[in-house]
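Visitor: Can you keep this structure in mind? I'll have questions shortly.
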Amino acid sequence: MKSGVMFQFFSLLIVAGAIIFFIQKARSGTTNQIRTIAGLEAIEEAVGRATEMGRMVHFSPGIAGLNGVTAAQTFAGLETLGMVSKLVARYGAKIFVSIRQPIVLPLAEEVVRQAYMAEGAIEAYDEDCVQYLSSQQFAYAAAVMGIIQREKAAANILLGGFWAESLMIAEAGFHAGAIQIAGSANITQVPFFVAACDYVLIGEELYAAGAIASGNPVKLGSIAGQDISKLYAMILLVIGVLAASAGSDFLYDLMIK
Amino acid sequence: MKSQGLMIALTFLFAIIIILDAFFAVDFISAASTEIQNWGTIIASIALALAAVNLIRVHSRRIMLRRGEWYNSVALLLIMFVQTAIGLFDTSTGDIYNFGFNNIMTPLGATMYALLAFWIASAAYRAFTARSIDSAILLVAATVVMLGNAPIGESIWSAFPGMKTWIMDVPNMAAQRGIMIGGGIGAIALGLRILMGIERGHLGGGGEE
């Protein structure tokens with residue numbers, strides 16, 4: 001084993017083991033009660049509002065790509081895009097998905113097309129509704145702001161990895177009068193979303209959004225497993241605080257092994 | 001659905017190789033991991049062509065149908081083709097190619113970034129109103145942090161910088177770490193759902209019901 005990663009490896013096994021255990025329990029019929037997320041429940045209301053107003057729903061899966069530690073945020077955004085697209089197809093609303101990373105484009109196109117197919121509304125699918133804008137961060141932000149304001153988007157859903165452009169897009173949505181639902185695991189951007197948006201999914205809520213929205217008991221099982229993993233983290237924190245207060249570095253030494 | 005099964009199997013296999021490479025120093029796993037990541041880069045480059053096709057298709061249609069502000073689409077396509085042609089003849093490190101970036105793209109990006117200050121002011125004006133206990137706490141904390149950061153704050157009351165440091169290092173840091181731990185575990189759970197084929201939204205939906 002490489003040096004300095006033993007603790008991480010065993011922690012990964014514990015976390016993954018807890019999640020898989022609860023997934024298997026859910027497969028065998030155990031149901032888990034997961035708290036609702038206000039932002040997710042507001043998505044249907046936002047799509048309904050867009051339908052009534054005859055305006056579009058803007059969705060962005062963030063500006064992160066599909067590699068590195070931020071890829072999970074893009075995948076989380078794409079999972080929720082499927083749900084949003086199904087609602088849009090069901091209600092006969094319009095959706096516009098703005099893309100910054102070229103690699104995300106074919107995935108987003110497929111997600112939206114499959115959602116329209118699943119709702120039996122493939123004839124209503126507009127292939128221009130998923131659009132690559134620019135790989136440049138601020139060119140992308142400027143394009144999104146322009147589209148939101150020109151089209152007067154009724155709903156602005158931003159779920160994924162966002163950086164400095166987060167507030168620009170959210171402010172454009174506010175000035176267009178859109179219901180705004182945002183979520184990111186980038187903690188530096190969460191305060192901006194909190195200040196500018198109606199509903200915010202913070203950190204782990206973003207990753208859980210797709211699972212909770214689906215209501216699928218197996219997916220919900222993984223969320224229950226997450227809670228056990230958090231218990232593990234909390235136990236480590238308490239032991240670490242007590243040990244450090246007593247002048248012992250044993251947990252730190254264990255973590256760097 | 002068969003193609004989905006194949007994609008899930010490949011995702012699982014490649015992910016396991018990359019995870020093992022992070023923890024174990026085994027030559028053939030390391031070589032396979034590097035190769036997979038190289039292929040990822042190549043596929044991402046191919047996706048750029050798809051993105052260009054998407055741009056050309058959308059904006060060509062817009063020009064042909066004379067949709068609103070179609071002349072912007074003309075400008076976009078023109079600059080895109082001109083810059084591509086310059087890149088082909090002058091290479092991406094040439095002076096002519098970089099002229100556009102250094103004198104147009106970079107200043108425009110910096111301008112957008114600078115505008116962020118106004119967006120922050122606009123959002124802060126709305127957020128910093130004491131409508132509830134939560135927003136009142138936010139207002140007080142933000143005011144103390146701003147006064148702690150600005151030289152005038154120390155002139156008003158010498159305790160402001162210390163209070164700012166405490167707010168940033170204790171409650172703020174604790175909340176940030178809580179979100180980071182939760183987010184990290186959430187990302188692992190999402191990764192496992194994708195690897196196990198439970199979450200297939202990115203493949204166009206389906207999966208276990």
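Starting from 1 in every chain, residues are counted up; chains themselves are A, B, ... following the order of the structure tokens, and ligands are numbered from 1 as listed.
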Enumerate, in order of chain and increasing residue number, the residues of range 131-189 of chain B with an atom no farther than 12 Å from range 48-69 of chain A, each with its shortest atom pair and distance in Å to one decimal, counting only C-alpha atoms, as CSV.

Guide:
residue,atom,partner,partner_atom,distance
B:Gly183,CA,A:Val69,CA,11.1
B:Gly184,CA,A:Val69,CA,9.4
B:Ala187,CA,A:Val69,CA,8.9
B:Ile188,CA,A:Val69,CA,10.5

Visitor: How close does each residue of chain A get to chain B, giving the shortest atom pair and distance in Å to one decimal for every residue with an atom at most 6 Å away, counting only C-alpha atoms, sorted by chain and residue number, as a tab-separated table?

Guide:
residue	atom	partner	partner_atom	distance
A:Met1	CA	B:Phe24	CA	4.4
A:Lys2	CA	B:Phe24	CA	5.4
A:Ala72	CA	B:Ala187	CA	5.8
A:Leu78	CA	B:His202	CA	5.6
A:Glu79	CA	B:Gly201	CA	4.6
A:Pro102	CA	B:Leu48	CA	5.1
A:Ile103	CA	B:Ala47	CA	5.0
A:Glu110	CA	B:Gly204	CA	5.5
A:Val111	CA	B:Gly204	CA	4.2
A:Gln114	CA	B:Gly204	CA	5.3
A:Tyr132	CA	B:Ala51	CA	5.8
A:Phe138	CA	B:Gly109	CA	5.5
A:Ala195	CA	B:Ala127	CA	5.1
A:Ala196	CA	B:Ala123	CA	5.6
A:Gly203	CA	B:Gly183	CA	4.7
A:Glu204	CA	B:Gly183	CA	4.2
A:Tyr207	CA	B:Gly186	CA	5.6

Visitor: For Tyr199 in chain A, please output as a PyMOL selection string all residues within 9 Å (counting only C-alpha atoms; exclusion window: fewer than 3 positions along the same chain).

Guide: chain A and resi 38-40+42+179-183+193-194

Visitor: Write the residues of the preceding selection, restricted to N, CA and C atoms, as a short mmCIF file (atom, residue, chain, number, x, y, z; two decimals), in the first residue's frame.

Guide:
data_model
loop_
_atom_site.label_atom_id
_atom_site.label_comp_id
_atom_site.auth_asym_id
_atom_site.auth_seq_id
_atom_site.Cartn_x
_atom_site.Cartn_y
_atom_site.Cartn_z
N ALA A 38 -36.84 21.13 0.78
CA ALA A 38 -37.77 22.15 0.28
C ALA A 38 -37.47 22.53 -1.18
N GLY A 39 -36.20 22.63 -1.51
CA GLY A 39 -35.79 23.02 -2.86
C GLY A 39 -36.27 22.04 -3.91
N LEU A 40 -36.24 20.76 -3.57
CA LEU A 40 -36.67 19.73 -4.53
C LEU A 40 -38.19 19.80 -4.73
N ALA A 42 -39.92 22.33 -4.49
CA ALA A 42 -40.27 23.57 -5.20
C ALA A 42 -40.07 23.44 -6.71
N ILE A 179 -38.27 31.95 -10.31
CA ILE A 179 -38.11 31.17 -9.07
C ILE A 179 -36.73 30.55 -9.17
N GLN A 180 -35.93 30.68 -8.15
CA GLN A 180 -34.55 30.19 -8.26
C GLN A 180 -34.27 29.07 -7.27
N ILE A 181 -33.80 27.95 -7.82
CA ILE A 181 -33.44 26.80 -6.99
C ILE A 181 -31.99 26.47 -7.34
N ALA A 182 -31.13 26.56 -6.36
CA ALA A 182 -29.70 26.35 -6.65
C ALA A 182 -29.11 25.35 -5.66
N GLY A 183 -28.04 24.72 -6.06
CA GLY A 183 -27.36 23.79 -5.17
C GLY A 183 -25.94 23.59 -5.61
N PHE A 193 -25.52 31.82 -3.27
CA PHE A 193 -26.83 31.24 -3.62
C PHE A 193 -27.86 31.53 -2.53
N VAL A 194 -27.43 31.44 -1.27
CA VAL A 194 -28.35 31.71 -0.16
C VAL A 194 -28.86 33.15 -0.25
#

Visitor: List as a list in words the protein and nucleic acid residues near Ser134 in chain A, meaning an atom at most 7 Å away when only C-alpha atoms are counted, but skip any in the same chain fewer than 5 places from it.

Guide: Arg100, Ala139 and Tyr140 of chain A

Visitor: Could you dump the residues just selected with all heavy atoms as a compact mmCIF listing (two decimals), in the first residue's frame?

Guide:
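Dumped to result.txt:
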# COMPACT_ATOMS: atom_id res chain seq x y z
N ARG A 100 -21.42 24.33 -20.21
CA ARG A 100 -20.09 24.95 -20.35
C ARG A 100 -19.05 23.92 -20.80
O ARG A 100 -18.15 24.25 -21.56
CB ARG A 100 -19.68 25.56 -19.01
CG ARG A 100 -18.38 26.33 -19.10
CD ARG A 100 -17.38 25.89 -18.09
NE ARG A 100 -16.13 26.62 -18.24
CZ ARG A 100 -15.15 26.55 -17.36
NH1 ARG A 100 -15.28 25.83 -16.28
NH2 ARG A 100 -14.03 27.18 -17.57
N ALA A 139 -17.46 34.00 -20.25
CA ALA A 139 -18.24 34.05 -21.50
C ALA A 139 -19.51 33.22 -21.31
O ALA A 139 -20.60 33.62 -21.73
CB ALA A 139 -17.41 33.52 -22.65
N TYR A 140 -19.35 32.08 -20.65
CA TYR A 140 -20.52 31.23 -20.35
C TYR A 140 -21.50 32.00 -19.47
O TYR A 140 -22.71 32.04 -19.74
CB TYR A 140 -20.05 29.95 -19.65
CG TYR A 140 -21.17 29.12 -19.06
CD1 TYR A 140 -21.95 28.29 -19.87
CD2 TYR A 140 -21.48 29.19 -17.71
CE1 TYR A 140 -22.99 27.54 -19.34
CE2 TYR A 140 -22.50 28.45 -17.16
CZ TYR A 140 -23.25 27.63 -17.98
OH TYR A 140 -24.29 26.90 -17.44

Visitor: What's around Arg90 in chain A at 10 Å? Count only C-alpha atoms, leave out sequence neighbours fewer than 5 positions away in its own chain, and write the answer as a VMD selection string.

Guide: chain A and resid 47 to 48 84 to 85 115 to 116 118 to 121

Visitor: Check range 34-237 of chain A with DSSP on the backbone and list each residue it calls strand (DSSP E or B), as number ranges by chain.

Guide: A: 56-62, 94-99, 130-132, 155-161, 179-184, 199-202

Visitor: Emit the selected residues as a tab-separated table (two decimals), in the first residue's frame, including N, CA, C and O atoms.

Guide:
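Contents of again-v8.tsv, as written:
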chain	number	residue	atom	x	y	z
A	56	MET	N	-39.67	29.96	-20.27
A	56	MET	CA	-38.81	28.77	-20.19
A	56	MET	C	-38.28	28.51	-18.78
A	56	MET	O	-38.29	29.38	-17.91
A	57	VAL	N	-37.86	27.26	-18.60
A	57	VAL	CA	-37.15	26.85	-17.39
A	57	VAL	C	-35.68	26.78	-17.77
A	57	VAL	O	-35.33	26.08	-18.73
A	58	HIS	N	-34.83	27.52	-17.08
A	58	HIS	CA	-33.40	27.41	-17.36
A	58	HIS	C	-32.77	26.45	-16.37
A	58	HIS	O	-33.03	26.51	-15.17
A	59	PHE	N	-31.95	25.53	-16.90
A	59	PHE	CA	-31.26	24.56	-16.04
A	59	PHE	C	-29.78	24.59	-16.39
A	59	PHE	O	-29.41	24.56	-17.56
A	60	SER	N	-28.95	24.61	-15.34
A	60	SER	CA	-27.51	24.47	-15.57
A	60	SER	C	-26.95	23.39	-14.66
A	60	SER	O	-27.18	23.43	-13.45
A	61	PRO	N	-26.22	22.41	-15.24
A	61	PRO	CA	-25.59	21.38	-14.39
A	61	PRO	C	-24.23	21.84	-13.87
A	61	PRO	O	-23.41	21.00	-13.50
A	62	GLY	N	-23.99	23.14	-13.88
A	62	GLY	CA	-22.73	23.67	-13.35
A	62	GLY	C	-21.67	23.75	-14.42
A	62	GLY	O	-21.90	23.43	-15.58
A	94	LYS	N	-41.25	24.71	-21.53
A	94	LYS	CA	-40.02	24.77	-22.33
A	94	LYS	C	-38.83	24.73	-21.39
A	94	LYS	O	-38.86	25.34	-20.32
A	95	ILE	N	-37.78	24.04	-21.81
A	95	ILE	CA	-36.56	23.98	-20.99
A	95	ILE	C	-35.38	24.44	-21.83
A	95	ILE	O	-35.35	24.23	-23.06
A	96	PHE	N	-34.45	25.09	-21.19
A	96	PHE	CA	-33.19	25.44	-21.84
A	96	PHE	C	-32.06	25.02	-20.92
A	96	PHE	O	-32.00	25.46	-19.77
A	97	VAL	N	-31.20	24.13	-21.42
A	97	VAL	CA	-30.09	23.63	-20.60
A	97	VAL	C	-28.80	24.25	-21.14
A	97	VAL	O	-28.44	24.02	-22.30
A	98	SER	N	-28.14	25.04	-20.31
A	98	SER	CA	-26.90	25.68	-20.76
A	98	SER	C	-25.70	24.86	-20.30
A	98	SER	O	-25.64	24.41	-19.17
A	99	ILE	N	-24.77	24.68	-21.23
A	99	ILE	CA	-23.63	23.79	-20.98
A	99	ILE	C	-22.32	24.55	-21.15
A	99	ILE	O	-22.14	25.28	-22.13
A	130	VAL	N	-30.81	21.99	-25.52
A	130	VAL	CA	-29.56	21.78	-24.78
A	130	VAL	C	-28.46	22.43	-25.61
A	130	VAL	O	-28.24	22.03	-26.76
A	131	GLN	N	-27.83	23.43	-25.06
A	131	GLN	CA	-26.91	24.20	-25.88
A	131	GLN	C	-25.57	24.43	-25.19
A	131	GLN	O	-25.53	24.83	-24.03
A	132	TYR	N	-24.53	24.15	-25.95
A	132	TYR	CA	-23.17	24.49	-25.48
A	132	TYR	C	-22.98	25.99	-25.71
A	132	TYR	O	-23.26	26.49	-26.80
A	155	ALA	N	-38.21	30.05	-14.32
A	155	ALA	CA	-37.54	29.25	-13.29
A	155	ALA	C	-36.07	29.13	-13.65
A	155	ALA	O	-35.72	28.95	-14.83
A	156	ASN	N	-35.24	29.24	-12.66
A	156	ASN	CA	-33.80	29.14	-12.88
A	156	ASN	C	-33.26	28.09	-11.92
A	156	ASN	O	-33.24	28.30	-10.72
A	157	ILE	N	-32.87	26.94	-12.48
A	157	ILE	CA	-32.42	25.83	-11.63
A	157	ILE	C	-30.93	25.61	-11.87
A	157	ILE	O	-30.51	25.28	-12.99
A	158	LEU	N	-30.15	25.81	-10.84
A	158	LEU	CA	-28.69	25.71	-10.95
A	158	LEU	C	-28.22	24.64	-9.99
A	158	LEU	O	-28.14	24.87	-8.78
A	159	LEU	N	-27.94	23.44	-10.51
A	159	LEU	CA	-27.52	22.35	-9.62
A	159	LEU	C	-26.24	21.73	-10.16
A	159	LEU	O	-26.26	21.07	-11.21
A	160	GLY	N	-25.16	21.93	-9.47
A	160	GLY	CA	-23.87	21.38	-9.91
A	160	GLY	C	-22.72	22.15	-9.29
A	160	GLY	O	-22.88	22.81	-8.26
A	161	GLY	N	-21.57	22.08	-9.95
A	161	GLY	CA	-20.40	22.79	-9.46
A	161	GLY	C	-20.35	24.19	-10.04
A	161	GLY	O	-20.30	24.37	-11.25
A	179	ILE	N	-38.27	31.95	-10.31
A	179	ILE	CA	-38.11	31.17	-9.07
A	179	ILE	C	-36.73	30.55	-9.17
A	179	ILE	O	-36.40	29.92	-10.20
A	180	GLN	N	-35.93	30.68	-8.15
A	180	GLN	CA	-34.55	30.19	-8.26
A	180	GLN	C	-34.27	29.07	-7.27
A	180	GLN	O	-34.46	29.23	-6.06
A	181	ILE	N	-33.80	27.95	-7.82
A	181	ILE	CA	-33.44	26.80	-6.99
A	181	ILE	C	-31.99	26.47	-7.34
A	181	ILE	O	-31.67	26.19	-8.51
A	182	ALA	N	-31.13	26.56	-6.36
A	182	ALA	CA	-29.70	26.35	-6.65
A	182	ALA	C	-29.11	25.35	-5.66
A	182	ALA	O	-29.64	25.17	-4.56
A	183	GLY	N	-28.04	24.72	-6.06
A	183	GLY	CA	-27.36	23.79	-5.17
A	183	GLY	C	-25.94	23.59	-5.61
A	183	GLY	O	-25.65	23.52	-6.80
A	184	SER	N	-25.05	23.57	-4.64
A	184	SER	CA	-23.64	23.34	-4.96
A	184	SER	C	-22.95	22.79	-3.73
A	184	SER	O	-23.37	23.03	-2.60
A	199	TYR	N	-34.46	28.88	-3.03
A	199	TYR	CA	-34.19	27.61	-2.35
A	199	TYR	C	-32.75	27.19	-2.66
A	199	TYR	O	-32.30	27.34	-3.79
A	200	VAL	N	-32.08	26.66	-1.64
A	200	VAL	CA	-30.68	26.24	-1.86
A	200	VAL	C	-30.46	24.83	-1.32
A	200	VAL	O	-30.86	24.52	-0.19
A	201	LEU	N	-29.84	24.02	-2.14
A	201	LEU	CA	-29.42	22.68	-1.71
A	201	LEU	C	-27.95	22.79	-1.34
A	201	LEU	O	-27.11	23.15	-2.17
A	202	ILE	N	-27.65	22.49	-0.09
A	202	ILE	CA	-26.30	22.70	0.41
A	202	ILE	C	-25.54	21.38	0.50
A	202	ILE	O	-26.01	20.43	1.14

Visitor: Between CA of Leu220 in chain A and CA of Gly29 in chain A, measure the distance and give it in Å to one decimal.

Guide: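 Separation between CA of Leu220 in chain A and CA of Gly29 in chain A: 11.8 Å.
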
Visitor: From the DSSP assignment of the backbone, select every residue of range 93-179 of chain A that is helix (DSSP H, G or I), and format the answer as a ChimeraX atom specification.

Guide: /A:104-118,122-124,127-129,137-151,165-175

Visitor: Would you kindly return, as number ranges by chain, each protein, DNA or RNA residue with an atom no farther than 9 Å from any atom of range 77-84 of chain B, considering only C-alpha atoms and excluding same-chain residues fewer than 3 positions away?

Guide: B: 55-56, 59-60, 72-74, 87-89, 97, 100

Visitor: Create the file for the chosen residues now, containing N, CA, C and O atoms and written as a PDB file, in the first residue's frame.

Guide:
ATOM      1  N   LEU B  55     -22.992  24.358 -31.590  1.00  0.00           N
ATOM      2  CA  LEU B  55     -22.994  25.826 -31.740  1.00  0.00           C
ATOM      3  C   LEU B  55     -23.350  26.230 -33.172  1.00  0.00           C
ATOM      4  O   LEU B  55     -24.184  27.110 -33.388  1.00  0.00           O
ATOM      5  N   ILE B  56     -22.686  25.569 -34.125  1.00  0.00           N
ATOM      6  CA  ILE B  56     -22.909  25.919 -35.543  1.00  0.00           C
ATOM      7  C   ILE B  56     -24.365  25.650 -35.920  1.00  0.00           C
ATOM      8  O   ILE B  56     -25.015  26.478 -36.573  1.00  0.00           O
ATOM      9  N   HIS B  59     -26.795  28.257 -34.149  1.00  0.00           N
ATOM     10  CA  HIS B  59     -26.685  29.640 -34.628  1.00  0.00           C
ATOM     11  C   HIS B  59     -26.953  29.771 -36.124  1.00  0.00           C
ATOM     12  O   HIS B  59     -27.466  30.802 -36.562  1.00  0.00           O
ATOM     13  N   SER B  60     -26.635  28.723 -36.897  1.00  0.00           N
ATOM     14  CA  SER B  60     -26.970  28.762 -38.332  1.00  0.00           C
ATOM     15  C   SER B  60     -28.479  28.839 -38.494  1.00  0.00           C
ATOM     16  O   SER B  60     -29.005  29.630 -39.298  1.00  0.00           O
ATOM     17  N   ASN B  72     -26.031  38.753 -33.768  1.00  0.00           N
ATOM     18  CA  ASN B  72     -25.031  38.289 -32.787  1.00  0.00           C
ATOM     19  C   ASN B  72     -24.524  36.894 -33.146  1.00  0.00           C
ATOM     20  O   ASN B  72     -23.363  36.559 -32.923  1.00  0.00           O
ATOM     21  N   SER B  73     -25.424  36.080 -33.701  1.00  0.00           N
ATOM     22  CA  SER B  73     -25.038  34.726 -34.121  1.00  0.00           C
ATOM     23  C   SER B  73     -24.045  34.798 -35.282  1.00  0.00           C
ATOM     24  O   SER B  73     -23.116  33.998 -35.367  1.00  0.00           O
ATOM     25  N   VAL B  74     -24.280  35.772 -36.175  1.00  0.00           N
ATOM     26  CA  VAL B  74     -23.351  35.959 -37.303  1.00  0.00           C
ATOM     27  C   VAL B  74     -21.959  36.301 -36.756  1.00  0.00           C
ATOM     28  O   VAL B  74     -20.945  35.716 -37.169  1.00  0.00           O
ATOM     29  N   GLY B  87      -5.731  29.745 -35.934  1.00  0.00           N
ATOM     30  CA  GLY B  87      -5.091  28.706 -35.125  1.00  0.00           C
ATOM     31  C   GLY B  87      -4.461  27.620 -35.980  1.00  0.00           C
ATOM     32  O   GLY B  87      -3.384  27.107 -35.660  1.00  0.00           O
ATOM     33  N   LEU B  88      -5.132  27.285 -37.106  1.00  0.00           N
ATOM     34  CA  LEU B  88      -4.606  26.238 -37.986  1.00  0.00           C
ATOM     35  C   LEU B  88      -3.313  26.693 -38.679  1.00  0.00           C
ATOM     36  O   LEU B  88      -2.379  25.910 -38.861  1.00  0.00           O
ATOM     37  N   PHE B  89      -3.297  27.977 -39.084  1.00  0.00           N
ATOM     38  CA  PHE B  89      -2.131  28.466 -39.823  1.00  0.00           C
ATOM     39  C   PHE B  89      -1.036  29.017 -38.911  1.00  0.00           C
ATOM     40  O   PHE B  89       0.142  28.902 -39.202  1.00  0.00           O
ATOM     41  N   TYR B  97      -2.793  34.536 -33.257  1.00  0.00           N
ATOM     42  CA  TYR B  97      -3.798  33.749 -32.535  1.00  0.00           C
ATOM     43  C   TYR B  97      -3.994  34.319 -31.136  1.00  0.00           C
ATOM     44  O   TYR B  97      -5.123  34.487 -30.662  1.00  0.00           O
ATOM     45  N   GLY B 100      -6.113  37.907 -30.235  1.00  0.00           N
ATOM     46  CA  GLY B 100      -7.539  37.898 -29.899  1.00  0.00           C
ATOM     47  C   GLY B 100      -7.764  37.570 -28.431  1.00  0.00           C
ATOM     48  O   GLY B 100      -8.610  38.190 -27.770  1.00  0.00           O
TER      49      GLY B 100
END

Visitor: Excluding Ala176 in chain A and any residue of its chain fewer than 2 positions from it, enumerate the residues within 6 Å of it, using only C-alpha atoms, and give them as number ranges by chain.

Guide: A: 149, 152, 173-174, 178

Visitor: From the options B:Asn149, B:Ile133, B:Ala114, B:Asn98, which residue's atoms come nearest to Met168 in chain A, counting only C-alpha atoms?

Guide: B:Ala114
